[in-house]
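Take a look at the structure set out below.
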Amino acid sequence: MDNLFGELRLGHLRLAPLGARRRTKVTASQAAAEYTGRWGWAVVTGDPAAGTPVTGTAAPTRCPCGSPRCAAPGLHPAPGGGRARAPRAEGSVLFPTGRAFDVLDVPEQAGLQALVRLERMGTQVGPVLAAPTGRLQFLVAAGTARRLPDLLYRMGWDDAALDLTCHGEGSYVAAPPTVLDGLGPVRWLRRPTRDNAGCPPEARLLLGTLAYACHRSRERTAEPAWMAS
């Protein structure tokens with residue numbers, strides 16, 4: 001499944017996928033079989049026909065679900081109640097969040113900066129998705145979405161305007177190798193392992209660093225060009 005693991009860069013730092021070896025193309029049905037059989041995660045089939053085509057780059061996508069930060073735009077479960085079932089070979093695969101894990105969703109640049117810092121500090125980061133919408137998605141313990149306001153409050157970020165959200169119960173996240181129309185495939189930046197697939201990290205271990213990176217990224221964006229240069 002290593003073709004699912006893309007490569008991102010942060011300045012001179014190269015964040016290559018961990019453990020990439022094989023180069024064979026993996027279909028959606030093969031990926032779904034690994035997610036359910038190897039990691040014990042539920043997956044559902046996405047329904048591209050139900051959504052609005054995704055255009056643009058890193059701007060928030062529009063989706064019939066109404067969420068400005070939908071992590072699976074236009075790819076909500078196909079008719080049939082969203083029951084877990086194998087997708088077609090070239091279909092889309094979705095993770096229903098709020099079950100095995102929730103997902104912290106941040107801008108790509110801020111997420112890369114936080115990831116470098118967390119790994120330098122020796123923090124055990126769980127699986128990380130890189131979406132072609134310009135977002136990084138960190139898999140964390142289930143229940144995080146419900147507790148996020150309190151966690152941010154305790155860390156002193158409750159009144160900060162952060163581009164940070166959490167997908168929990170009732171939401172879906174597009175899984176590799178799903179392709180978001182007009183943008184490209186979802187990839188693993190940090191793949192699941194035996195250590196973290198069944199026990200994703202508690203959000204509090206990552207949240208402070210992610211919030212700070214989002215805050216600094218927003219500050220830099222707001223700076224005049226002559227100060228940012």
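Residues in the structure tokens are numbered from 1 in each chain, the chains being A, B, ... in the order shown, and ligands are numbered from 1 in the order shown.
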
- Query: When DSSP works through the backbone of this structure, what residues of segment 127-224 of chain A end up as helix (DSSP H, G or I), shown as a ChimeraX atom specification?
  - Reply: /A:144-154,204-222

- In Å, with one decimal, what is the gap from atom CA of Gly122 of chain A to atom CA of Arg154 of chain A?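 Those two atoms sit 22.8 Å apart.
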
- Using only C-alpha atoms, which of the listed residues (A:Ala100, A:Ala71, A:Met121, A:Ala110) sits closest to Val186 of chain A?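 Comparing A:Ala100, A:Ala71, A:Met121, A:Ala110 against Val186 of chain A, the winner is A:Ala71.
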
- Assign secondary structure with DSSP using the backbone only, and return the residues of segment 119-164 of chain A in strand (DSSP E) as an MDAnalysis selection string. chainID A and resid 128:131 135:140

C-alpha atoms of the current selection, written as a PDB file, in the first residue's frame:
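After the write, part36.pdb holds the following:
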ATOM      1  CA  VAL A 128      -1.557  11.153   9.691  1.00  0.00           C
ATOM      2  CA  LEU A 129      -3.493  11.740   6.469  1.00  0.00           C
ATOM      3  CA  ALA A 130      -2.558  14.297   3.819  1.00  0.00           C
ATOM      4  CA  ALA A 131      -5.638  15.500   1.944  1.00  0.00           C
ATOM      5  CA  ARG A 135      -5.119  19.814   5.049  1.00  0.00           C
ATOM      6  CA  LEU A 136      -3.374  17.352   7.364  1.00  0.00           C
ATOM      7  CA  GLN A 137      -5.502  15.055   9.483  1.00  0.00           C
ATOM      8  CA  PHE A 138      -4.165  13.502  12.688  1.00  0.00           C
ATOM      9  CA  LEU A 139      -5.894  10.376  13.976  1.00  0.00           C
ATOM     10  CA  VAL A 140      -6.479  10.646  17.733  1.00  0.00           C
TER      11      VAL A 140
END

- Between A:Thr123, A:Thr133, A:Ser217, A:Thr144, smallest distance to Gly98 of chain A by only C-alpha atoms belongs to A:Thr144

- Would you list the contacts of Pro96 of chain A as number ranges by chain, taking every protein, DNA or RNA residue within 10 Å and counting only C-alpha atoms, but skipping same-chain residues closer than 4 positions in sequence? A: 41-44, 76-77, 82, 84, 100-102, 167-175

For C-alpha atoms, I'd like the residues from the last selection saved as a compact mmCIF listing (two decimals), in the first residue's frame.
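selection_25.txt, written as the output of this step:
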# COMPACT_ATOMS: atom_id res chain seq x y z
CA TRP A 41 -11.29 -0.13 11.33
CA ALA A 42 -14.77 0.29 9.89
CA VAL A 43 -15.01 1.63 6.35
CA VAL A 44 -17.95 2.67 4.21
CA HIS A 76 -20.78 10.74 1.94
CA PRO A 77 -21.94 7.14 2.35
CA GLY A 82 -23.80 3.88 5.54
CA ALA A 84 -19.71 -0.99 6.20
CA ALA A 100 -12.01 3.72 16.40
CA PHE A 101 -10.69 7.29 16.29
CA ASP A 102 -11.48 10.98 15.82
CA HIS A 167 -14.17 15.20 13.06
CA GLY A 168 -16.02 12.93 15.46
CA GLU A 169 -19.22 10.95 15.69
CA GLY A 170 -21.41 11.34 12.61
CA SER A 171 -18.60 12.55 10.33
CA TYR A 172 -16.52 10.87 7.64
CA VAL A 173 -12.94 11.27 6.47
CA ALA A 174 -11.79 10.25 3.00
CA ALA A 175 -9.24 7.43 3.17

- Using only C-alpha atoms, which residues sit within 10 Å of Glu202 of chain A once same-chain residues fewer than 3 positions away are excluded, as a PyMOL selection string? chain A and resi 101+124-126+139-144+199+205-207

Next, the residues of the selection above should be written as a tab-separated table (two decimals), in the first residue's frame with all heavy atoms.
chain	number	residue	atom	x	y	z
A	101	PHE	N	-11.48	6.08	16.11
A	101	PHE	CA	-10.69	7.29	16.29
A	101	PHE	C	-11.49	8.52	15.87
A	101	PHE	O	-12.49	8.42	15.16
A	101	PHE	CB	-9.40	7.23	15.46
A	101	PHE	CG	-9.62	6.85	14.01
A	101	PHE	CD1	-10.08	7.78	13.09
A	101	PHE	CD2	-9.39	5.55	13.58
A	101	PHE	CE1	-10.30	7.43	11.76
A	101	PHE	CE2	-9.60	5.19	12.25
A	101	PHE	CZ	-10.05	6.13	11.34
A	124	GLN	N	4.83	10.36	20.48
A	124	GLN	CA	4.33	9.29	19.63
A	124	GLN	C	3.10	9.78	18.87
A	124	GLN	O	2.01	9.89	19.43
A	124	GLN	CB	3.98	8.06	20.47
A	124	GLN	CG	5.16	7.43	21.17
A	124	GLN	CD	6.22	6.96	20.18
A	124	GLN	OE1	5.92	6.28	19.19
A	124	GLN	NE2	7.47	7.33	20.43
A	125	VAL	N	3.30	10.13	17.62
A	125	VAL	CA	2.22	10.60	16.76
A	125	VAL	C	1.57	9.40	16.08
A	125	VAL	O	2.26	8.48	15.65
A	125	VAL	CB	2.76	11.58	15.71
A	125	VAL	CG1	1.63	12.06	14.79
A	125	VAL	CG2	3.44	12.76	16.39
A	126	GLY	N	0.28	9.40	16.01
A	126	GLY	CA	-0.43	8.32	15.35
A	126	GLY	C	-0.44	8.49	13.84
A	126	GLY	O	0.31	9.30	13.29
A	139	LEU	N	-4.99	11.30	13.31
A	139	LEU	CA	-5.89	10.38	13.98
A	139	LEU	C	-5.59	10.36	15.47
A	139	LEU	O	-4.44	10.17	15.87
A	139	LEU	CB	-5.75	8.96	13.40
A	139	LEU	CG	-6.57	8.65	12.14
A	139	LEU	CD1	-6.17	9.56	10.97
A	139	LEU	CD2	-6.40	7.19	11.74
A	140	VAL	N	-6.62	10.59	16.28
A	140	VAL	CA	-6.48	10.65	17.73
A	140	VAL	C	-7.59	9.83	18.37
A	140	VAL	O	-8.48	9.31	17.69
A	140	VAL	CB	-6.52	12.10	18.25
A	140	VAL	CG1	-5.29	12.88	17.79
A	140	VAL	CG2	-7.80	12.81	17.79
A	141	ALA	N	-7.55	9.72	19.69
A	141	ALA	CA	-8.50	8.89	20.41
A	141	ALA	C	-9.94	9.33	20.15
A	141	ALA	O	-10.24	10.53	20.04
A	141	ALA	CB	-8.19	8.95	21.91
A	142	ALA	N	-10.84	8.35	20.04
A	142	ALA	CA	-12.25	8.65	19.86
A	142	ALA	C	-12.77	9.46	21.04
A	142	ALA	O	-12.34	9.27	22.18
A	142	ALA	CB	-13.04	7.35	19.71
A	143	GLY	N	-13.71	10.35	20.77
A	143	GLY	CA	-14.26	11.21	21.81
A	143	GLY	C	-13.63	12.58	21.87
A	143	GLY	O	-14.11	13.46	22.60
A	144	THR	N	-12.58	12.79	21.09
A	144	THR	CA	-11.88	14.08	21.10
A	144	THR	C	-12.78	15.22	20.65
A	144	THR	O	-12.75	16.32	21.22
A	144	THR	CB	-10.63	14.03	20.22
A	144	THR	OG1	-9.72	13.07	20.75
A	144	THR	CG2	-9.94	15.38	20.14
A	199	CYS	N	-4.77	1.92	19.10
A	199	CYS	CA	-4.71	2.81	20.26
A	199	CYS	C	-4.12	4.15	19.83
A	199	CYS	O	-2.96	4.46	20.14
A	199	CYS	CB	-3.87	2.18	21.38
A	199	CYS	SG	-3.91	3.09	22.93
A	205	LEU	N	-1.89	15.20	23.85
A	205	LEU	CA	-0.46	15.07	23.58
A	205	LEU	C	-0.04	15.85	22.33
A	205	LEU	O	1.12	16.21	22.19
A	205	LEU	CB	-0.08	13.59	23.42
A	205	LEU	CG	-0.38	12.68	24.61
A	205	LEU	CD1	-0.06	11.23	24.27
A	205	LEU	CD2	0.41	13.14	25.84
A	206	LEU	N	-0.98	16.07	21.43
A	206	LEU	CA	-0.69	16.74	20.17
A	206	LEU	C	-1.28	18.14	20.09
A	206	LEU	O	-0.76	19.00	19.37
A	206	LEU	CB	-1.24	15.93	18.98
A	206	LEU	CG	-1.02	14.42	18.96
A	206	LEU	CD1	-1.64	13.85	17.68
A	206	LEU	CD2	0.44	14.06	19.05
A	207	LEU	N	-2.36	18.36	20.82
A	207	LEU	CA	-3.19	19.54	20.60
A	207	LEU	C	-2.46	20.85	20.86
A	207	LEU	O	-2.63	21.82	20.11
A	207	LEU	CB	-4.45	19.44	21.47
A	207	LEU	CG	-5.55	20.45	21.16
A	207	LEU	CD1	-5.96	20.36	19.69
A	207	LEU	CD2	-6.75	20.18	22.06

- If you count only C-alpha atoms, the residue of A:Ala31, A:Val26, A:Leu164, A:Leu115 closest to Phe95 of chain A turns out to be A:Ala31

- Nearest to Ala213 of chain A by atom-to-atom distance, counting only C-alpha atoms, from A:Gly111, A:Pro73, A:Gly37, A:Pro132: A:Gly111

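Computed from the coordinates, the atom CA of Arg187 of chain A to atom CA of Pro149 of chain A distance equals 28.3 Å.
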
- Item | Selected residue, from A:Leu189, A:Leu210, A:Val93, A:Cys166, that lies nearest to Leu75 of chain A when counting only C-alpha atoms |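 Nearest candidate to Leu75 of chain A out of A:Leu189, A:Leu210, A:Val93, A:Cys166: A:Val93.
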
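The space separating atom CA of Tyr35 of chain A from atom CA of Arg190 of chain A comes to 14.6 Å.
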